[in-house]
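All remarks here apply to the structure that follows.
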Amino acid sequence: NRQILLAQRPQGLPDQSTFEFAETTVPDPGDNQVLVRAHYLSVDPYMRGRMNDAKSYATPFEVGKPLTGGVVGEIAASNHDDFQPGDFVSGNLDWADYTIAEGATLQKINPDNTPITTALYVTGMPGLTAYFGLMDICQPKTGETVVVSGAAGAVGMIVGQIAKLHGCRVVGIAGSDEKIAYLQDELGFDAAINYKTTNNIREDLKNACPNGIDAYFDNVGGDITDAVLFQLNFHARVALCGQIAHYNAEKVEQGPRILPYLLTRSVLLKGFIVRDYAERYEEGINDLSKWLQEGKITYEENIIEGLENAPEAFLGLFRGENLGKQLVKVIE
Ligand code: NDP
């Protein structure tokens, strides 16, 4: 049973020395427990925060212990009445071939309906993040302009498509020409800006948003967000979803003092974590599944093969190597 452990807490940007590989025997499940064989791991930016020894909404990883995250897999052995060997499940499990889990913490997946990876993406955590952040905080209305950063990532590409479904002008910000082309040509974004090659992101935003910005779904923070916030309309809404540009920062960064500007435009700026909406997940899953089945939304997965490559997949998030959801396929 191969496992990936946290070797040490990273200072700044993580690298291979953050991770350590271990080999253990396959454990036996106890009462009400099951043994899950991983098929796919979800690779997520929020895992960076769990590598710090700091109090946050998710408990820190322990040094010398396996990393954990979203996993879909198959029941290999069961001491729980609800699960039989061969059943597919999703849960928060180790970055390993096998994990012992309490049956009560797992969700069953029906592999006949949709690919099993859907549970890690469109109808799972990233899809629900996009859905509730946009629908509940940004509240998109027909004819409005919605800007999304991190637009070609897992959450961002779903946000933009849902905003299009609601009749908005949608402008995405992302980090490569390939991503820009994908957003415009495949997903029908009205405009998209490559923040890595532009000379003047504020000018580009002005051109892309002739009527100003009514809602901003922020996945990244930093200079990109500073540029967007200066162009918000009266009564604009900002969903603070992610701040990946700051996740590796070693001290609090300085930025423009923007609050007076937000005040005079009566802007709503709200941070959220998807779990805030736990009681409404069913509503989100129903809408997302329906849109997926009707072909109203689509998605991309960036699948890297092999558990041993999971650290590199994680590091790739900070280099923008993924179009859509970053996953690791564990089984051969
Ligand atoms: P993504 O699939 O979007 O992957 C991360 C992307 O971020 C990269 O592909 C890269 O794309 C971009 N990026 C990396 N570094 C920077 C940087 N310094 N400045 C700007 N962009 C950068 O990840 P997710 O869709 O899973 O997550 C998106 C955001 O949402 C993250 O910040 C994440 O932490 C947050 N999140 C929040 C949740 C919540 O409950 N609030 C739940 C899930 C996610 P590019 O090529 O464009 O640079």
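Identifiers for the structure tokens are assigned positionally: chains receive A, B, ... in sequence, residues are indexed from 1 per chain, and ligands are indexed from 1 in the order shown.
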
Residues of chain A that have any atom at most 7 Å from an atom of ligand 1: could you tabulate them with the shortest-distance atom pair and the distance in Å to one decimal, using only C-alpha atoms and all ligand atoms, ordered by chain and increasing number, as a tab-separated table?
residue	atom	partner	partner_atom_place_in_ligand_line	distance
A:Asp44	CA	ligand 1	26 (O)	5.0
A:Pro45	CA	ligand 1	34 (O)	4.6
A:Tyr46	CA	ligand 1	34 (O)	4.4
A:Met125	CA	ligand 1	42 (C)	6.5
A:Pro126	CA	ligand 1	43 (C)	5.1
A:Thr129	CA	ligand 1	42 (C)	5.3
A:Gly150	CA	ligand 1	47 (O)	4.8
A:Ala151	CA	ligand 1	47 (O)	6.5
A:Ala152	CA	ligand 1	47 (O)	6.1
A:Gly153	CA	ligand 1	3 (O)	3.2
A:Ala154	CA	ligand 1	25 (O)	3.5
A:Val155	CA	ligand 1	25 (O)	3.7
A:Gly156	CA	ligand 1	25 (O)	5.8
A:Ile173	CA	ligand 1	47 (O)	6.7
A:Ala174	CA	ligand 1	47 (O)	3.4
A:Gly175	CA	ligand 1	46 (O)	3.5
A:Ser176	CA	ligand 1	46 (O)	5.7
A:Asn219	CA	ligand 1	29 (C)	4.2
A:Val220	CA	ligand 1	20 (C)	5.0
A:Gly222	CA	ligand 1	19 (N)	6.9
A:Cys241	CA	ligand 1	41 (N)	4.1
A:Gly242	CA	ligand 1	32 (O)	3.2
A:Gln243	CA	ligand 1	32 (O)	4.7
A:Ile244	CA	ligand 1	32 (O)	4.2
A:Ala245	CA	ligand 1	18 (N)	3.5
A:His246	CA	ligand 1	18 (N)	6.9
A:Phe272	CA	ligand 1	41 (N)	5.2
A:Ile273	CA	ligand 1	40 (O)	3.3
A:Val274	CA	ligand 1	40 (O)	3.8
A:Arg275	CA	ligand 1	40 (O)	6.6
A:Leu317	CA	ligand 1	8 (C)	4.7
A:Phe318	CA	ligand 1	14 (C)	4.0
A:Arg319	CA	ligand 1	14 (C)	5.7
A:Gly320	CA	ligand 1	9 (O)	3.5
A:Glu321	CA	ligand 1	9 (O)	5.7
A:Asn322	CA	ligand 1	9 (O)	4.8
A:Leu323	CA	ligand 1	9 (O)	6.4
A:Gly324	CA	ligand 1	2 (O)	5.3
A:Lys325	CA	ligand 1	2 (O)	5.1
A:Gln326	CA	ligand 1	2 (O)	6.2

Tell me, as an NGL selection string, which residues lie within 12 Å of stretch 251-255 of chain A, counting only C-alpha atoms; anything in the same chain fewer than 4 positions away does not count.
:A and (11-12 or 221-227 or 229 or 243 or 245-247 or 259)

Just want the 10 Å neighbourhood of stretch 35-41 of chain A, counted on only C-alpha atoms, with same-chain residues fewer than 5 positions away dropped. Output as a count of residues only.
54

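Comparing the minimum interatomic distances between A:Leu13 and each of A:Asn286, A:Thr105, A:Asn248, A:Thr123, counting only C-alpha atoms, we find that A:Asn248 sits nearest.
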
Once DSSP has gone over the backbone, tell me which residues of stretch 28-214 of chain A are in strand (DSSP E), as an mmCIF file with C-alpha atoms, in the first residue's frame.
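Output below, filename out.cif:
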data_model
loop_
_atom_site.group_PDB
_atom_site.id
_atom_site.type_symbol
_atom_site.label_atom_id
_atom_site.label_comp_id
_atom_site.auth_asym_id
_atom_site.auth_seq_id
_atom_site.Cartn_x
_atom_site.Cartn_y
_atom_site.Cartn_z
ATOM 1 C CA GLN A 33 -15.352 0.248 8.766
ATOM 2 C CA VAL A 34 -14.533 -0.395 5.126
ATOM 3 C CA LEU A 35 -11.334 -0.669 3.084
ATOM 4 C CA VAL A 36 -11.416 1.641 0.037
ATOM 5 C CA ARG A 37 -9.160 1.208 -2.984
ATOM 6 C CA ALA A 38 -8.532 4.631 -4.549
ATOM 7 C CA HIS A 39 -9.287 5.142 -8.245
ATOM 8 C CA TYR A 40 -8.929 8.944 -8.506
ATOM 9 C CA LEU A 41 -7.576 11.646 -6.182
ATOM 10 C CA SER A 42 -8.755 15.233 -6.305
ATOM 11 C CA THR A 68 -5.858 13.419 2.696
ATOM 12 C CA GLY A 69 -8.308 14.823 0.183
ATOM 13 C CA GLY A 70 -11.265 14.065 -2.030
ATOM 14 C CA VAL A 71 -11.039 10.504 -3.392
ATOM 15 C CA VAL A 72 -13.317 8.252 -5.420
ATOM 16 C CA GLY A 73 -12.690 4.552 -5.101
ATOM 17 C CA GLU A 74 -14.065 1.072 -4.760
ATOM 18 C CA ILE A 75 -14.908 -0.893 -1.634
ATOM 19 C CA ALA A 76 -12.274 -3.633 -1.338
ATOM 20 C CA ALA A 77 -13.517 -5.074 1.994
ATOM 21 C CA SER A 78 -16.431 -4.135 4.223
ATOM 22 C CA PHE A 88 -18.100 2.924 -5.638
ATOM 23 C CA VAL A 89 -17.793 5.670 -3.035
ATOM 24 C CA SER A 90 -16.379 9.131 -2.534
ATOM 25 C CA GLY A 91 -14.944 10.532 0.666
ATOM 26 C CA ASN A 92 -12.109 12.354 2.343
ATOM 27 C CA LEU A 93 -9.415 9.685 2.201
ATOM 28 C CA ASP A 94 -5.641 9.235 2.222
ATOM 29 C CA TYR A 98 -5.922 1.956 0.207
ATOM 30 C CA THR A 99 -7.586 3.729 3.149
ATOM 31 C CA ILE A 100 -9.629 2.436 6.080
ATOM 32 C CA ALA A 101 -12.742 4.613 6.517
ATOM 33 C CA GLU A 102 -15.763 4.729 8.789
ATOM 34 C CA GLN A 107 -21.061 8.709 -0.049
ATOM 35 C CA LYS A 108 -22.116 6.039 -2.524
ATOM 36 C CA ILE A 109 -21.685 6.731 -6.245
ATOM 37 C CA THR A 145 -21.449 41.641 -16.645
ATOM 38 C CA VAL A 146 -19.786 38.911 -14.579
ATOM 39 C CA VAL A 147 -15.994 38.617 -14.299
ATOM 40 C CA VAL A 148 -14.367 35.407 -13.062
ATOM 41 C CA SER A 149 -10.665 34.949 -12.258
ATOM 42 C CA ARG A 169 -21.916 38.938 -20.345
ATOM 43 C CA VAL A 170 -19.055 36.772 -19.059
ATOM 44 C CA VAL A 171 -15.411 37.785 -18.971
ATOM 45 C CA GLY A 172 -12.736 35.316 -17.827
ATOM 46 C CA ILE A 173 -9.180 35.935 -16.644
ATOM 47 C CA ALA A 174 -6.649 33.108 -17.013
ATOM 48 C CA ALA A 191 -14.174 37.881 -23.665
ATOM 49 C CA ALA A 192 -11.123 36.498 -21.910
ATOM 50 C CA ILE A 193 -7.885 38.109 -20.750
ATOM 51 C CA ASN A 194 -4.466 36.464 -20.424
ATOM 52 C CA ILE A 213 -18.651 44.975 -13.734
ATOM 53 C CA ASP A 214 -21.755 43.892 -11.818
#

In Å and to one decimal, atom CA of A:Val238 is distant from atom CA of A:Glu294 by 28.8 Å

For a quick check of understanding, using only C-alpha atoms, which of A:Pro311, A:Gly284, A:Gly143, A:Gly49 has the smallest distance to A:Glu20?
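Comparing A:Pro311, A:Gly284, A:Gly143, A:Gly49 against A:Glu20, the winner is A:Pro311.
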
Surrounding residues of A:Val159 excluding itself and chain neighbours under 6 positions, 7 Å, only C-alpha atoms, as a list in words
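Result of the neighbour search: Ala130, Tyr131 and Leu134 of chain A.
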
Quick check for you: according to DSSP on this backbone, which residues of stretch 73-283 of chain A are classed as alpha helix (DSSP H)? Reply as JSON, numbers by chain.
{"A": [125, 126, 127, 128, 129, 130, 131, 132, 154, 155, 156, 157, 158, 159, 160, 161, 162, 163, 164, 165, 177, 178, 179, 180, 181, 201, 202, 203, 204, 205, 206, 207, 208, 222, 223, 224, 225, 226, 227, 228, 229, 259, 260, 261, 262, 263, 264, 281, 282, 283]}

Create the file for the chosen residues now, containing C-alpha atoms and written as a PDB file, in the first residue's frame.
ATOM      1  CA  MET A 125     -16.999  20.098  -4.115  1.00  0.00           C
ATOM      2  CA  PRO A 126     -15.717  22.350  -6.959  1.00  0.00           C
ATOM      3  CA  GLY A 127     -19.048  22.364  -8.817  1.00  0.00           C
ATOM      4  CA  LEU A 128     -20.969  23.208  -5.653  1.00  0.00           C
ATOM      5  CA  THR A 129     -18.469  25.956  -4.866  1.00  0.00           C
ATOM      6  CA  ALA A 130     -19.091  27.509  -8.271  1.00  0.00           C
ATOM      7  CA  TYR A 131     -22.854  27.106  -7.951  1.00  0.00           C
ATOM      8  CA  PHE A 132     -23.395  28.613  -4.501  1.00  0.00           C
ATOM      9  CA  ALA A 154     -12.117  23.665 -12.059  1.00  0.00           C
ATOM     10  CA  VAL A 155     -14.348  26.154 -10.261  1.00  0.00           C
ATOM     11  CA  GLY A 156     -13.883  29.035 -12.721  1.00  0.00           C
ATOM     12  CA  MET A 157     -15.055  27.262 -15.856  1.00  0.00           C
ATOM     13  CA  ILE A 158     -18.275  26.167 -14.159  1.00  0.00           C
ATOM     14  CA  VAL A 159     -18.896  29.682 -12.789  1.00  0.00           C
ATOM     15  CA  GLY A 160     -18.607  31.223 -16.261  1.00  0.00           C
ATOM     16  CA  GLN A 161     -20.957  28.708 -17.831  1.00  0.00           C
ATOM     17  CA  ILE A 162     -23.627  29.130 -15.158  1.00  0.00           C
ATOM     18  CA  ALA A 163     -23.405  32.912 -15.572  1.00  0.00           C
ATOM     19  CA  LYS A 164     -23.872  32.478 -19.350  1.00  0.00           C
ATOM     20  CA  LEU A 165     -26.941  30.318 -18.643  1.00  0.00           C
ATOM     21  CA  ASP A 177      -3.443  31.626 -24.664  1.00  0.00           C
ATOM     22  CA  GLU A 178      -4.654  28.030 -24.847  1.00  0.00           C
ATOM     23  CA  LYS A 179      -6.949  28.684 -21.865  1.00  0.00           C
ATOM     24  CA  ILE A 180      -8.190  31.965 -23.351  1.00  0.00           C
ATOM     25  CA  ALA A 181      -9.041  30.221 -26.633  1.00  0.00           C
ATOM     26  CA  ILE A 201      -5.069  44.465 -17.335  1.00  0.00           C
ATOM     27  CA  ARG A 202      -7.176  47.482 -16.304  1.00  0.00           C
ATOM     28  CA  GLU A 203      -7.348  48.679 -19.913  1.00  0.00           C
ATOM     29  CA  ASP A 204      -8.232  45.152 -21.090  1.00  0.00           C
ATOM     30  CA  LEU A 205     -10.984  44.927 -18.477  1.00  0.00           C
ATOM     31  CA  LYS A 206     -12.382  48.296 -19.535  1.00  0.00           C
ATOM     32  CA  ASN A 207     -12.549  47.126 -23.146  1.00  0.00           C
ATOM     33  CA  ALA A 208     -14.045  43.769 -22.216  1.00  0.00           C
ATOM     34  CA  GLY A 222      -3.559  39.679  -5.865  1.00  0.00           C
ATOM     35  CA  ASP A 223      -3.039  42.191  -8.687  1.00  0.00           C
ATOM     36  CA  ILE A 224      -5.818  40.691 -10.802  1.00  0.00           C
ATOM     37  CA  THR A 225      -8.400  41.338  -8.111  1.00  0.00           C
ATOM     38  CA  ASP A 226      -7.084  44.855  -7.453  1.00  0.00           C
ATOM     39  CA  ALA A 227      -7.656  45.644 -11.140  1.00  0.00           C
ATOM     40  CA  VAL A 228     -11.204  44.244 -11.132  1.00  0.00           C
ATOM     41  CA  LEU A 229     -12.318  45.944  -7.910  1.00  0.00           C
ATOM     42  CA  LEU A 259     -12.446  49.983   0.982  1.00  0.00           C
ATOM     43  CA  PRO A 260     -13.568  53.624   0.458  1.00  0.00           C
ATOM     44  CA  TYR A 261     -14.177  52.799  -3.174  1.00  0.00           C
ATOM     45  CA  LEU A 262     -16.272  49.746  -2.285  1.00  0.00           C
ATOM     46  CA  LEU A 263     -18.226  51.786   0.269  1.00  0.00           C
ATOM     47  CA  THR A 264     -19.194  54.562  -2.132  1.00  0.00           C
ATOM     48  CA  TYR A 281     -26.140  20.695  -1.458  1.00  0.00           C
ATOM     49  CA  GLU A 282     -29.058  18.713  -2.868  1.00  0.00           C
ATOM     50  CA  GLU A 283     -30.390  21.787  -4.654  1.00  0.00           C
TER      51      GLU A 283
END
